[in-house]
>>> print(open('run07.cif').read())   # mmCIF, C-alpha atoms
data_work
loop_
_atom_site.label_atom_id
_atom_site.label_comp_id
_atom_site.auth_asym_id
_atom_site.auth_seq_id
_atom_site.Cartn_x
_atom_site.Cartn_y
_atom_site.Cartn_z
CA MET A 150 -17.47 -5.39 44.76
CA SER A 151 -14.36 -7.02 43.33
CA ILE A 152 -12.43 -5.87 40.26
CA THR A 153 -9.54 -7.56 38.44
CA VAL A 154 -6.83 -5.03 37.67
CA ARG A 155 -4.16 -5.82 35.05
CA TYR A 156 -0.96 -3.98 34.18
CA PHE A 157 0.99 -4.20 30.94
CA ALA A 158 4.41 -3.52 29.44
CA SER A 159 6.63 -0.91 31.16
CA LEU A 160 3.96 -0.26 33.79
CA ARG A 161 3.79 -3.97 34.66
CA GLU A 162 7.57 -4.08 34.96
CA ARG A 163 7.84 -0.88 36.98
CA LEU A 164 5.19 -1.98 39.47
CA GLY A 165 6.47 -5.57 39.45
CA LEU A 166 2.83 -6.53 39.21
CA ASP A 167 0.88 -8.32 36.54
CA GLU A 168 -2.60 -8.59 37.99
CA GLU A 169 -4.42 -8.01 41.28
CA GLN A 170 -7.91 -8.30 42.77
CA LEU A 171 -9.18 -5.12 44.42
CA GLU A 172 -12.14 -4.76 46.70
CA THR A 173 -13.75 -1.59 45.42
CA GLU A 174 -16.71 -0.74 47.64
CA GLY A 175 -17.64 2.91 47.19
CA LEU A 176 -15.95 3.29 43.80
CA GLN A 177 -18.29 4.33 41.00
CA THR A 178 -16.14 5.03 37.97
CA VAL A 179 -12.82 4.42 36.28
CA ALA A 180 -11.65 7.79 37.63
CA ASP A 181 -12.41 6.63 41.20
CA LEU A 182 -10.44 3.42 40.68
CA ARG A 183 -7.56 5.31 39.17
CA ARG A 184 -7.36 7.64 42.17
CA ARG A 185 -7.47 4.65 44.53
CA ILE A 186 -4.60 2.93 42.68
CA ALA A 187 -2.60 6.16 42.41
CA GLY A 188 -2.75 6.31 46.19
CA LEU A 189 -1.14 2.85 46.39
CA ARG A 190 1.36 2.98 43.51
CA GLU A 191 3.00 5.31 41.03
CA LEU A 192 0.75 5.65 37.98
CA PRO A 193 2.18 7.83 35.18
CA GLU A 194 -0.11 10.52 33.81
CA ARG A 195 -0.16 9.07 30.28
CA THR A 196 -1.48 5.70 31.48
CA LEU A 197 -4.39 4.40 29.37
CA VAL A 198 -7.35 2.43 30.69
CA ALA A 199 -9.49 -0.37 29.28
CA VAL A 200 -12.55 -1.91 30.93
CA ASN A 201 -13.39 -5.45 29.87
CA GLN A 202 -10.88 -5.15 27.02
CA GLU A 203 -12.21 -1.92 25.54
CA TYR A 204 -10.88 1.62 25.97
CA ALA A 205 -12.82 3.43 28.68
CA ASP A 206 -13.30 7.10 29.63
CA PRO A 207 -12.74 8.30 33.21
CA ASP A 208 -16.50 8.44 33.84
CA HIS A 209 -17.04 4.84 32.69
CA PRO A 210 -19.03 3.09 35.49
CA LEU A 211 -17.61 0.03 37.27
CA LYS A 212 -19.44 -3.13 38.26
CA ASP A 213 -18.58 -6.29 40.14
CA GLY A 214 -16.32 -8.64 38.17
CA ASP A 215 -14.99 -6.04 35.71
CA GLU A 216 -11.51 -6.46 34.27
CA VAL A 217 -9.74 -3.10 34.27
CA ALA A 218 -6.35 -2.75 32.52
CA PHE A 219 -3.80 0.03 32.91
CA PHE A 220 -1.06 0.42 30.32
CA PRO A 221 1.35 2.91 28.71
CA PRO A 222 0.88 4.44 25.23
CA VAL A 223 0.89 1.65 22.64
CA THR A 224 3.81 1.07 20.28
CA GLY A 225 2.80 -1.76 17.93
CA GLY A 226 2.91 -2.00 14.17
CA MET B 155 14.42 15.64 -43.39
CA SER B 156 12.83 12.28 -42.59
CA ILE B 157 10.79 11.44 -39.53
CA THR B 158 9.43 8.08 -38.35
CA VAL B 159 5.82 8.47 -37.21
CA ARG B 160 4.20 5.81 -35.05
CA TYR B 161 0.57 5.33 -34.02
CA PHE B 162 -0.72 3.33 -31.05
CA ALA B 163 -3.86 1.68 -29.69
CA SER B 164 -7.26 2.99 -30.90
CA LEU B 165 -5.53 5.57 -33.10
CA ARG B 166 -3.44 2.89 -34.82
CA GLU B 167 -6.57 0.81 -35.41
CA ARG B 168 -8.68 3.70 -36.63
CA LEU B 169 -6.02 4.83 -39.09
CA GLY B 170 -5.13 1.25 -40.00
CA LEU B 171 -1.54 2.41 -39.76
CA ASP B 172 1.24 1.41 -37.42
CA GLU B 173 4.20 3.40 -38.65
CA GLU B 174 5.18 5.60 -41.57
CA GLN B 175 8.15 7.62 -42.82
CA LEU B 176 7.39 11.25 -43.60
CA GLU B 177 9.54 13.70 -45.52
CA THR B 178 9.25 16.82 -43.41
CA GLU B 179 11.14 19.64 -45.15
CA GLY B 180 9.96 22.96 -43.79
CA LEU B 181 8.56 21.58 -40.54
CA GLN B 182 10.15 23.02 -37.42
CA THR B 183 8.15 21.71 -34.47
CA VAL B 184 5.81 19.01 -33.23
CA ALA B 185 2.92 21.41 -33.83
CA ASP B 186 3.96 21.74 -37.50
CA LEU B 187 4.08 17.97 -37.91
CA ARG B 188 0.75 17.57 -36.20
CA ARG B 189 -0.88 20.04 -38.59
CA ARG B 190 0.68 18.25 -41.56
CA ILE B 191 -0.67 14.87 -40.39
CA ALA B 192 -4.10 16.31 -39.50
CA GLY B 193 -4.28 17.42 -43.14
CA LEU B 194 -3.79 13.80 -44.24
CA ARG B 195 -5.75 11.89 -41.61
CA GLU B 196 -8.22 12.29 -38.78
CA LEU B 197 -6.33 13.07 -35.58
CA PRO B 198 -8.52 13.41 -32.44
CA GLU B 199 -7.95 16.49 -30.33
CA ARG B 200 -6.88 14.54 -27.23
CA THR B 201 -4.05 12.80 -29.10
CA LEU B 202 -0.77 12.82 -27.13
CA VAL B 203 2.69 13.15 -28.67
CA ALA B 204 6.09 11.70 -27.79
CA VAL B 205 9.38 12.52 -29.53
CA ASN B 206 12.06 9.87 -29.25
CA GLN B 207 9.98 8.08 -26.61
CA GLU B 208 9.45 11.07 -24.33
CA TYR B 209 6.40 13.29 -24.02
CA ALA B 210 6.86 16.46 -26.09
CA ASP B 211 5.19 19.89 -26.12
CA PRO B 212 3.85 21.40 -29.35
CA ASP B 213 6.89 23.68 -29.64
CA HIS B 214 9.37 20.82 -29.34
CA PRO B 215 11.79 21.13 -32.32
CA LEU B 216 12.13 18.30 -34.85
CA LYS B 217 15.31 16.97 -36.40
CA ASP B 218 16.18 14.40 -39.02
CA GLY B 219 15.71 10.81 -37.84
CA ASP B 220 13.35 11.63 -34.95
CA GLU B 221 10.75 9.06 -33.92
CA VAL B 222 7.44 10.82 -33.24
CA ALA B 223 4.55 8.85 -31.74
CA PHE B 224 0.87 9.82 -31.64
CA PHE B 225 -1.45 8.05 -29.24
CA PRO B 226 -4.72 8.38 -27.26
CA PRO B 227 -4.91 9.03 -23.49
CA VAL B 228 -3.25 6.17 -21.64
CA THR B 229 -5.21 3.57 -19.67
CA GLY B 230 -2.66 1.30 -18.01
CA GLY B 231 -2.37 0.14 -14.41
CA MET C 174 16.48 -1.55 -13.23
CA PRO C 175 13.46 -2.11 -11.01
CA ALA C 176 10.77 -1.56 -13.69
CA TYR C 177 9.70 -4.58 -15.68
CA VAL C 178 7.20 -5.16 -18.49
CA ARG C 179 5.98 -8.76 -18.60
CA GLU C 180 4.30 -10.62 -21.42
CA GLN C 181 3.47 -13.58 -19.19
CA ALA C 182 1.25 -13.87 -16.12
CA PHE C 183 3.15 -12.97 -12.95
CA ASP C 184 2.68 -13.54 -9.22
CA PRO C 185 3.00 -10.07 -7.66
CA TRP C 186 3.74 -11.27 -4.12
CA ARG C 187 6.41 -13.61 -5.29
CA GLU C 188 7.94 -10.66 -7.17
CA VAL C 189 7.88 -8.48 -4.05
CA SER C 190 9.21 -11.25 -1.88
CA GLU C 191 12.06 -12.20 -4.22
CA PHE C 192 12.98 -8.60 -4.99
CA GLN C 193 13.15 -7.82 -1.29
CA ALA C 194 15.33 -10.85 -0.54
CA ARG C 195 17.67 -9.94 -3.41
CA GLU C 196 17.87 -6.15 -3.19
CA LEU C 197 17.03 -4.97 0.33
CA PRO C 198 19.44 -5.38 3.25
CA ALA C 199 17.52 -7.02 6.12
CA GLY C 200 17.19 -4.68 9.06
CA ARG C 201 17.59 -1.43 7.09
CA PHE C 202 13.97 -1.04 6.00
CA GLY C 203 11.00 -0.84 8.33
CA ALA C 204 8.24 -0.35 5.79
CA CYS C 205 7.07 -1.82 2.50
CA ALA C 206 3.90 -0.50 0.87
CA SER C 207 2.64 -2.26 -2.22
CA PHE C 208 -0.26 -2.14 -4.63
CA VAL C 209 -1.52 -4.78 -7.04
CA GLY C 210 -3.99 -3.95 -9.80
CA THR C 211 -5.94 -6.97 -11.03
CA MET C 212 -8.21 -7.45 -14.02
CA ARG C 213 -11.88 -7.26 -13.08
CA GLU C 214 -14.65 -9.15 -14.84
CA PHE C 215 -16.67 -5.93 -15.04
CA ASN C 216 -16.02 -2.35 -16.12
CA GLU C 217 -18.34 0.62 -16.55
CA GLY C 218 -21.34 -1.61 -15.94
CA ASP C 219 -20.42 -4.27 -18.52
CA ASP C 220 -19.14 -7.82 -18.16
CA VAL C 221 -15.62 -8.15 -19.48
CA ARG C 222 -14.38 -11.51 -20.71
CA ALA C 223 -10.82 -10.73 -21.71
CA MET C 224 -8.41 -7.85 -22.14
CA THR C 225 -5.35 -6.99 -24.18
CA LEU C 226 -2.83 -4.46 -22.99
CA GLU C 227 -0.85 -2.63 -25.63
CA HIS C 228 2.20 -0.53 -24.78
CA TYR C 229 4.94 1.50 -26.43
CA PRO C 230 8.08 -0.63 -26.04
CA GLY C 231 11.07 1.54 -25.29
CA MET C 232 9.06 4.47 -24.02
CA THR C 233 7.38 2.33 -21.36
CA ASP C 234 10.58 1.25 -19.63
CA LYS C 235 12.00 4.73 -19.83
CA TYR C 236 8.85 6.26 -18.39
CA LEU C 237 8.55 3.80 -15.50
CA GLU C 238 12.19 4.33 -14.58
CA LYS C 239 11.66 8.08 -14.67
CA LEU C 240 8.74 7.66 -12.24
CA ILE C 241 10.93 5.65 -9.89
CA ASP C 242 13.62 8.34 -10.05
CA GLU C 243 11.00 10.97 -9.23
CA ALA C 244 9.71 8.98 -6.26
CA LYS C 245 13.26 8.52 -4.96
CA ALA C 246 13.89 12.27 -5.28
CA ARG C 247 10.68 13.21 -3.44
CA TRP C 248 10.69 10.72 -0.56
CA PRO C 249 13.41 9.01 1.50
CA VAL C 250 12.81 5.61 -0.07
CA LEU C 251 15.32 2.79 -0.30
CA GLU C 252 13.99 0.92 -3.32
CA CYS C 253 11.03 0.78 -5.70
CA LEU C 254 9.69 -2.02 -7.85
CA VAL C 255 7.21 -1.70 -10.72
CA VAL C 256 5.97 -4.63 -12.80
CA HIS C 257 3.38 -4.24 -15.58
CA ARG C 258 1.76 -6.94 -17.66
CA VAL C 259 1.14 -6.53 -21.40
CA GLY C 260 -0.58 -8.67 -24.03
CA PRO C 261 -3.75 -10.78 -23.68
CA MET C 262 -5.09 -11.67 -20.22
CA GLY C 263 -8.22 -12.75 -18.33
CA PRO C 264 -10.22 -11.75 -15.22
CA GLY C 265 -8.26 -12.27 -12.00
CA ASP C 266 -4.90 -11.77 -13.70
CA PRO C 267 -2.58 -9.25 -12.00
CA ILE C 268 -1.92 -6.27 -14.28
CA VAL C 269 0.38 -4.06 -12.27
CA LEU C 270 2.49 -4.10 -9.13
CA THR C 271 4.10 -1.11 -7.40
CA ALA C 272 6.12 -1.59 -4.22
CA VAL C 273 8.22 0.82 -2.18
CA TRP C 274 10.62 0.15 0.69
CA SER C 275 11.67 2.80 3.22
CA ALA C 276 12.81 3.17 6.82
CA HIS C 277 9.47 4.61 7.99
CA ARG C 278 5.93 4.11 6.78
CA ALA C 279 4.87 7.55 5.49
CA ALA C 280 7.41 7.58 2.66
CA ALA C 281 6.49 4.05 1.57
CA PHE C 282 2.74 4.74 1.54
CA GLU C 283 3.03 8.06 -0.27
CA ALA C 284 5.60 7.00 -2.85
CA CYS C 285 3.66 3.81 -3.63
CA ARG C 286 0.51 5.75 -4.32
CA TYR C 287 2.43 8.34 -6.33
CA LEU C 288 3.87 5.63 -8.57
CA MET C 289 0.42 4.17 -9.24
CA GLU C 290 -1.27 7.51 -9.93
CA GLU C 291 1.49 8.70 -12.25
CA LEU C 292 1.64 5.35 -14.00
CA LYS C 293 -2.12 5.44 -14.60
CA HIS C 294 -2.07 8.98 -15.90
CA ARG C 295 1.08 9.00 -18.02
CA ALA C 296 2.69 5.61 -18.71
CA PRO C 297 2.04 4.52 -22.34
CA PHE C 298 -0.26 1.53 -21.83
CA TRP C 299 -3.68 1.04 -23.44
CA LYS C 300 -6.42 -1.44 -22.54
CA LYS C 301 -8.71 -3.08 -25.04
CA GLU C 302 -11.58 -5.07 -23.56
CA THR C 303 -13.48 -8.00 -24.98
CA LEU C 304 -17.04 -7.87 -23.65
CA ALA C 305 -19.25 -10.85 -22.83
CA ALA C 306 -20.95 -10.76 -26.24
CA GLY C 307 -17.58 -10.84 -27.96
CA ASP C 308 -17.32 -7.24 -29.14
CA GLU C 309 -14.17 -5.29 -28.40
CA ARG C 310 -13.66 -1.76 -27.18
CA TRP C 311 -10.74 0.44 -26.18
CA VAL C 312 -10.96 1.77 -22.64
CA GLU C 313 -11.31 5.55 -23.07
CA GLN C 314 -9.97 6.62 -19.71
CA ASN C 315 -9.02 5.33 -16.30
CA THR C 316 -11.18 5.68 -13.20
CA PRO C 317 -10.23 8.80 -11.25
CA GLY C 318 -9.08 6.92 -8.19
CA MET D 17 -12.08 -13.25 11.35
CA PRO D 18 -9.38 -11.60 9.24
CA ALA D 19 -7.23 -10.32 12.15
CA TYR D 20 -4.55 -12.65 13.45
CA VAL D 21 -1.94 -12.43 16.20
CA ARG D 22 1.03 -14.70 15.54
CA GLU D 23 3.66 -15.95 17.97
CA GLN D 24 5.81 -17.37 15.17
CA ALA D 25 7.60 -15.67 12.28
CA PHE D 26 5.29 -15.22 9.28
CA ASP D 27 5.72 -14.56 5.57
CA PRO D 28 3.46 -11.57 4.84
CA TRP D 29 3.26 -12.09 1.08
CA ARG D 30 2.37 -15.71 1.46
CA GLU D 31 -0.37 -14.60 3.88
CA VAL D 32 -1.73 -12.09 1.38
CA SER D 33 -1.51 -14.52 -1.48
CA GLU D 34 -3.19 -17.38 0.36
CA PHE D 35 -5.87 -15.17 1.90
CA GLN D 36 -6.71 -13.76 -1.52
CA ALA D 37 -6.93 -17.21 -3.11
CA ARG D 38 -9.16 -18.41 -0.27
CA GLU D 39 -11.43 -15.40 0.37
CA LEU D 40 -11.60 -13.18 -2.69
CA PRO D 41 -13.60 -14.13 -5.80
CA ALA D 42 -11.31 -13.72 -8.82
CA GLY D 43 -12.52 -10.96 -11.11
CA ARG D 44 -14.48 -9.02 -8.46
CA PHE D 45 -11.58 -7.01 -7.06
CA GLY D 46 -9.37 -4.68 -9.06
CA ALA D 47 -7.14 -3.39 -6.27
CA CYS D 48 -5.13 -4.71 -3.36
CA ALA D 49 -3.07 -2.32 -1.24
CA SER D 50 -0.85 -3.78 1.42
CA PHE D 51 1.67 -2.69 4.00
CA VAL D 52 4.33 -4.68 5.80
CA GLY D 53 6.16 -3.33 8.85
CA THR D 54 9.51 -5.01 9.46
CA MET D 55 11.88 -4.88 12.41
CA ARG D 56 14.79 -2.50 11.81
CA GLU D 57 18.27 -2.94 13.27
CA PHE D 58 18.22 0.71 14.35
CA ASN D 59 15.81 3.00 16.22
CA GLU D 60 16.19 6.55 17.49
CA GLY D 61 19.87 6.52 16.60
CA ASP D 62 20.72 3.26 18.38
CA ASP D 63 21.54 -0.21 17.11
CA VAL D 64 18.87 -2.69 18.07
CA ARG D 65 19.75 -6.37 18.39
CA ALA D 66 16.40 -7.90 19.29
CA MET D 67 12.86 -6.99 20.20
CA THR D 68 9.97 -8.43 22.18
CA LEU D 69 6.40 -7.49 21.43
CA GLU D 70 3.94 -7.69 24.29
CA HIS D 71 0.19 -7.45 23.75
CA TYR D 72 -3.09 -7.68 25.62
CA PRO D 73 -4.60 -11.00 24.54
CA GLY D 74 -8.33 -10.72 24.10
CA MET D 75 -8.33 -6.95 23.71
CA THR D 76 -5.95 -7.16 20.73
CA ASP D 77 -8.17 -9.35 18.58
CA LYS D 78 -11.23 -7.36 19.49
CA TYR D 79 -9.53 -4.08 18.68
CA LEU D 80 -8.14 -5.23 15.32
CA GLU D 81 -11.54 -6.55 14.30
CA LYS D 82 -13.13 -3.25 15.31
CA LEU D 83 -10.63 -1.44 13.05
CA ILE D 84 -11.54 -3.69 10.15
CA ASP D 85 -15.24 -3.03 10.74
CA GLU D 86 -14.55 0.71 10.75
CA ALA D 87 -12.58 0.50 7.50
CA LYS D 88 -15.40 -1.48 5.88
CA ALA D 89 -17.91 1.12 7.03
CA ARG D 90 -15.89 4.05 5.69
CA TRP D 91 -14.74 2.73 2.32
CA PRO D 92 -16.25 0.35 -0.28
CA VAL D 93 -13.79 -2.44 0.48
CA LEU D 94 -14.34 -6.13 -0.14
CA GLU D 95 -12.01 -7.60 2.43
CA CYS D 96 -9.28 -6.67 4.93
CA LEU D 97 -6.49 -8.72 6.45
CA VAL D 98 -4.38 -7.80 9.49
CA VAL D 99 -1.62 -9.98 10.90
CA HIS D 100 0.54 -8.91 13.86
CA ARG D 101 3.52 -10.72 15.34
CA VAL D 102 4.08 -10.93 19.12
CA GLY D 103 6.88 -12.34 21.27
CA PRO D 104 10.66 -12.25 20.68
CA MET D 105 12.02 -11.42 17.21
CA GLY D 106 15.08 -10.16 15.35
CA PRO D 107 15.99 -7.53 12.71
CA GLY D 108 14.40 -8.26 9.33
CA ASP D 109 11.43 -10.07 10.85
CA PRO D 110 8.00 -8.91 9.64
CA ILE D 111 5.99 -7.39 12.50
CA VAL D 112 2.72 -6.38 10.91
CA LEU D 113 0.76 -6.81 7.70
CA THR D 114 -2.32 -4.86 6.63
CA ALA D 115 -3.98 -5.59 3.29
CA VAL D 116 -7.20 -4.30 1.73
CA TRP D 117 -9.04 -5.46 -1.39
CA SER D 118 -11.54 -3.32 -3.29
CA ALA D 119 -12.95 -2.77 -6.78
CA HIS D 120 -11.02 0.49 -7.33
CA ARG D 121 -7.70 1.69 -6.02
CA ALA D 122 -8.59 4.74 -3.89
CA ALA D 123 -10.52 2.71 -1.31
CA ALA D 124 -7.76 0.11 -1.03
CA PHE D 125 -4.99 2.70 -0.56
CA GLU D 126 -6.91 4.79 1.95
CA ALA D 127 -8.30 1.94 4.02
CA CYS D 128 -4.89 0.23 4.15
CA ARG D 129 -3.27 3.36 5.51
CA TYR D 130 -6.14 3.93 7.93
CA LEU D 131 -5.71 0.43 9.36
CA MET D 132 -1.99 0.97 9.90
CA GLU D 133 -2.33 4.41 11.48
CA GLU D 134 -5.13 3.34 13.82
CA LEU D 135 -3.30 0.14 14.72
CA LYS D 136 -0.15 2.11 15.57
CA HIS D 137 -2.02 4.65 17.67
CA ARG D 138 -4.51 2.45 19.51
CA ALA D 139 -3.98 -1.32 19.27
CA PRO D 140 -2.60 -2.72 22.57
CA PHE D 141 0.92 -3.76 21.54
CA TRP D 142 4.18 -2.68 23.21
CA LYS D 143 7.74 -2.98 21.95
CA LYS D 144 10.73 -3.65 24.15
CA GLU D 145 14.10 -3.34 22.47
CA THR D 146 17.40 -5.03 23.31
CA LEU D 147 20.21 -2.67 22.27
CA ALA D 148 23.61 -3.69 20.93
CA ALA D 149 25.23 -3.48 24.37
CA GLY D 150 22.57 -5.79 25.80
CA ASP D 151 20.50 -3.28 27.75
CA GLU D 152 16.75 -3.25 27.29
CA ARG D 153 14.30 -0.39 26.88
CA TRP D 154 10.61 0.03 26.24
CA VAL D 155 9.81 2.06 23.13
CA GLU D 156 8.09 5.19 24.45
CA GLN D 157 6.15 6.11 21.36
CA ASN D 158 5.80 5.35 17.69
CA THR D 159 7.21 7.53 14.92
CA PRO D 160 4.58 9.98 13.67
CA GLY D 161 4.44 8.49 10.21
#
>>> encode(input="run07.cif", output="structure tokens")
Amino acid sequence: MSITVRYFASLRERLGLDEEQLETEGLQTVADLRRRIAGLRELPERTLVAVNQEYADPDHPLKDGDEVAFFPPVTGG
Amino acid sequence: MSITVRYFASLRERLGLDEEQLETEGLQTVADLRRRIAGLRELPERTLVAVNQEYADPDHPLKDGDEVAFFPPVTGG
Amino acid sequence: MPAYVREQAFDPWREVSEFQARELPAGRFGACASFVGTMREFNEGDDVRAMTLEHYPGMTDKYLEKLIDEAKARWPVLECLVVHRVGPMGPGDPIVLTAVWSAHRAAAFEACRYLMEELKHRAPFWKKETLAAGDERWVEQNTPG
Amino acid sequence: MPAYVREQAFDPWREVSEFQARELPAGRFGACASFVGTMREFNEGDDVRAMTLEHYPGMTDKYLEKLIDEAKARWPVLECLVVHRVGPMGPGDPIVLTAVWSAHRAAAFEACRYLMEELKHRAPFWKKETLAAGDERWVEQNTPG
């Protein structure tokens, strides 16, 4: 199962990473993916998550081809 | 003592009167003037009063040359 | 003073835009809240063809400026603008504009609404409607909100 | 759809004016409340020389349209307009516009504020400031109001 992971704003800059493809066999939910990524890189606690461009809870299920975005608290307007 | 009395909107139309000069010897306050006018003409209960172009309470004192306006509830905006 | 009574039709967004360019230092304000009241072609279930707005010249200006002073005393606002139409008008015509500039948004939102509510409840304007059939009536009171 | 992300400078009052002329039937609406957020030359006590707004293309449009749907479900509003700038900009530049049209004023005021608050708290935009000395910083969080 392959997932596209995107990073935005200060998180993108801190990681020096815009987007990556992750093989995610054995991962069921957003919380699983988050733990996997936190094992690879520093992910601040206040990081928000969207799946396929909508906010997602930790127990949101993952499927092949999903786009999952991680980003800091928003500051628009 | 002479007072200029002005009427606006539906009150002006109902009375057929825009402005009048009243001799007001013996009248101390807005309430006195209001009673005097109510003796001459029909003055609805919800009529508002301004003295010299500012809202005035019934006990507002009158003096020679004052401009006193009577008008219905406002409906601007 | 930033309160104007107009006998001619006015373009509220041109007023806001020009007032801002003239009176507000670019970069000092972060927020502008505005409200435009426009004549509807219906009121209280009836079709309205035309309207005439009467006011109390002299008292009107004074009262609108007092409202602006009150808003400036209650909120950290930089500038306020109020424009009110009087005389005869038709459906779609702007009647009133209130606009407030401030550093942050809460003050602008709250002061703008305050100006409109106070204006509606206390400023000496009166509406007379001409209904579809041609008969006229004075509006008895404003809608609560 | 009435939510737009713009990479160029925009004139918010021209947007409101043109949108109204194009989308709103004259005489049906009595109220238009609007808000414009503008870039300040100061933030959290520091002078700010420039700003860049990043967003999440795709999610942004979807989220702004969802907000408009929510506002329309909660209040009797006729139409909503949201415009948000992205990319590099300078002090005095408009960043965001929210505007709401309705028959009566309460719905317009409340829905307009709702759109702004929700946008600030949830829409995927991020500000990076360039300070007077040239150093850059990401804005950590929005002002509460």
>>> residues_around(input="run07.cif", residues="range 209-212 of chain C", least_positions_apart="5", cutoff="6 Å", atoms="only C-alpha atoms", output="PyMOL selection string")
(chain C and resi 264-270) or (chain D and resi 46-48)
>>> atom_distance(input="run07.cif", atom1="CA of Pro317 in chain C", atom2="CA of Arg188 in chain B")
28.6 Å
>>> interface_residues(input="run07.cif", of="chain B", to="chain C", cutoff="6 Å", atoms="all atoms listed in the file", output="list in words")
Gln207, Val228, Thr229, Gly230 and Gly231 of chain B
>>> resolve_selection(input="run07.cif", expression="the PyMOL selection byres ((chain B and resi 216) around 6)", output="VMD selection string")
chain B and resid 182 to 183 215 217
>>> resolve_selection(input="run07.cif", expression="the PyMOL selection byres ((chain A and resi 151) around 10)", output="number ranges by chain")
A: 150, 152-154, 170-174, 211-216
>>> residues_around(input="run07.cif", residues="Ala87 in chain D", least_positions_apart="4", cutoff="7 Å", atoms="all atoms listed in the file", output="ChimeraX atom specification")
/D:83,91,127
>>> write_last_selection(input="run07.cif", atoms="C-alpha atoms", output="short mmCIF file (atom, residue, chain, number, x, y, z; two decimals), in the coordinates of the input")
data_model
loop_
_atom_site.label_atom_id
_atom_site.label_comp_id
_atom_site.auth_asym_id
_atom_site.auth_seq_id
_atom_site.Cartn_x
_atom_site.Cartn_y
_atom_site.Cartn_z
CA LEU D 83 -10.63 -1.44 13.05
CA TRP D 91 -14.74 2.73 2.32
CA ALA D 127 -8.30 1.94 4.02
#
>>> residues_around(input="run07.cif", residues="Met224 in chain C", least_positions_apart="6", cutoff="8 Å", atoms="all atoms listed in the file", output="list in words")
Pro261, Met262, Gly263, Lys300, Lys301, Glu302 and Thr303 of chain C
>>> resolve_selection(input="run07.cif", expression="the PyMOL selection byres ((chain C and resi 280) around 12)", output="ChimeraX atom specification")
/C:202-207,244-253,272-279,281-288 /D:51,129,160-161
>>> closest_residue(input="run07.cif", among="C:Asn216, C:Gln181, C:Ser190, C:Thr225", to="chain D", atoms="all atoms listed in the file")
C:Ser190
>>> atom_distance(input="run07.cif", atom1="CA of Val98 in chain D", atom2="CA of Arg56 in chain D")
20.0 Å
>>> atom_distance(input="run07.cif", atom1="CA of Ala176 in chain C", atom2="CA of Ala199 in chain C")
21.6 Å
>>> build_atoms(input="run07.cif", residues="range 208-217 of chain A", atoms="N, CA, C and O atoms", output="CSV table (one decimal), keeping the file's coordinate frame")
chain,number,residue,atom,x,y,z
A,208,ASP,N,-15.2,8.5,33.2
A,208,ASP,CA,-16.5,8.4,33.8
A,208,ASP,C,-17.2,7.1,33.5
A,208,ASP,O,-18.4,6.9,33.9
A,209,HIS,N,-16.5,6.2,33.0
A,209,HIS,CA,-17.0,4.8,32.7
A,209,HIS,C,-17.4,4.2,34.0
A,209,HIS,O,-16.6,4.1,34.9
A,210,PRO,N,-18.6,3.7,34.2
A,210,PRO,CA,-19.0,3.1,35.5
A,210,PRO,C,-18.4,1.7,35.7
A,210,PRO,O,-18.1,1.0,34.7
A,211,LEU,N,-18.2,1.3,36.9
A,211,LEU,CA,-17.6,0.0,37.3
A,211,LEU,C,-18.7,-0.9,37.9
A,211,LEU,O,-19.6,-0.4,38.5
A,212,LYS,N,-18.5,-2.2,37.6
A,212,LYS,CA,-19.4,-3.1,38.3
A,212,LYS,C,-18.6,-4.4,38.7
A,212,LYS,O,-17.5,-4.6,38.3
A,213,ASP,N,-19.2,-5.1,39.6
A,213,ASP,CA,-18.6,-6.3,40.1
A,213,ASP,C,-18.1,-7.2,39.0
A,213,ASP,O,-18.8,-7.5,38.1
A,214,GLY,N,-16.9,-7.7,39.1
A,214,GLY,CA,-16.3,-8.6,38.2
A,214,GLY,C,-15.6,-8.0,37.0
A,214,GLY,O,-15.1,-8.7,36.1
A,215,ASP,N,-15.6,-6.7,36.9
A,215,ASP,CA,-15.0,-6.0,35.7
A,215,ASP,C,-13.5,-6.4,35.7
A,215,ASP,O,-12.9,-6.5,36.7
A,216,GLU,N,-13.0,-6.4,34.4
A,216,GLU,CA,-11.5,-6.5,34.3
A,216,GLU,C,-11.0,-5.1,33.8
A,216,GLU,O,-11.5,-4.6,32.7
A,217,VAL,N,-10.2,-4.4,34.6
A,217,VAL,CA,-9.7,-3.1,34.3
A,217,VAL,C,-8.2,-3.2,34.0
A,217,VAL,O,-7.5,-3.7,34.9
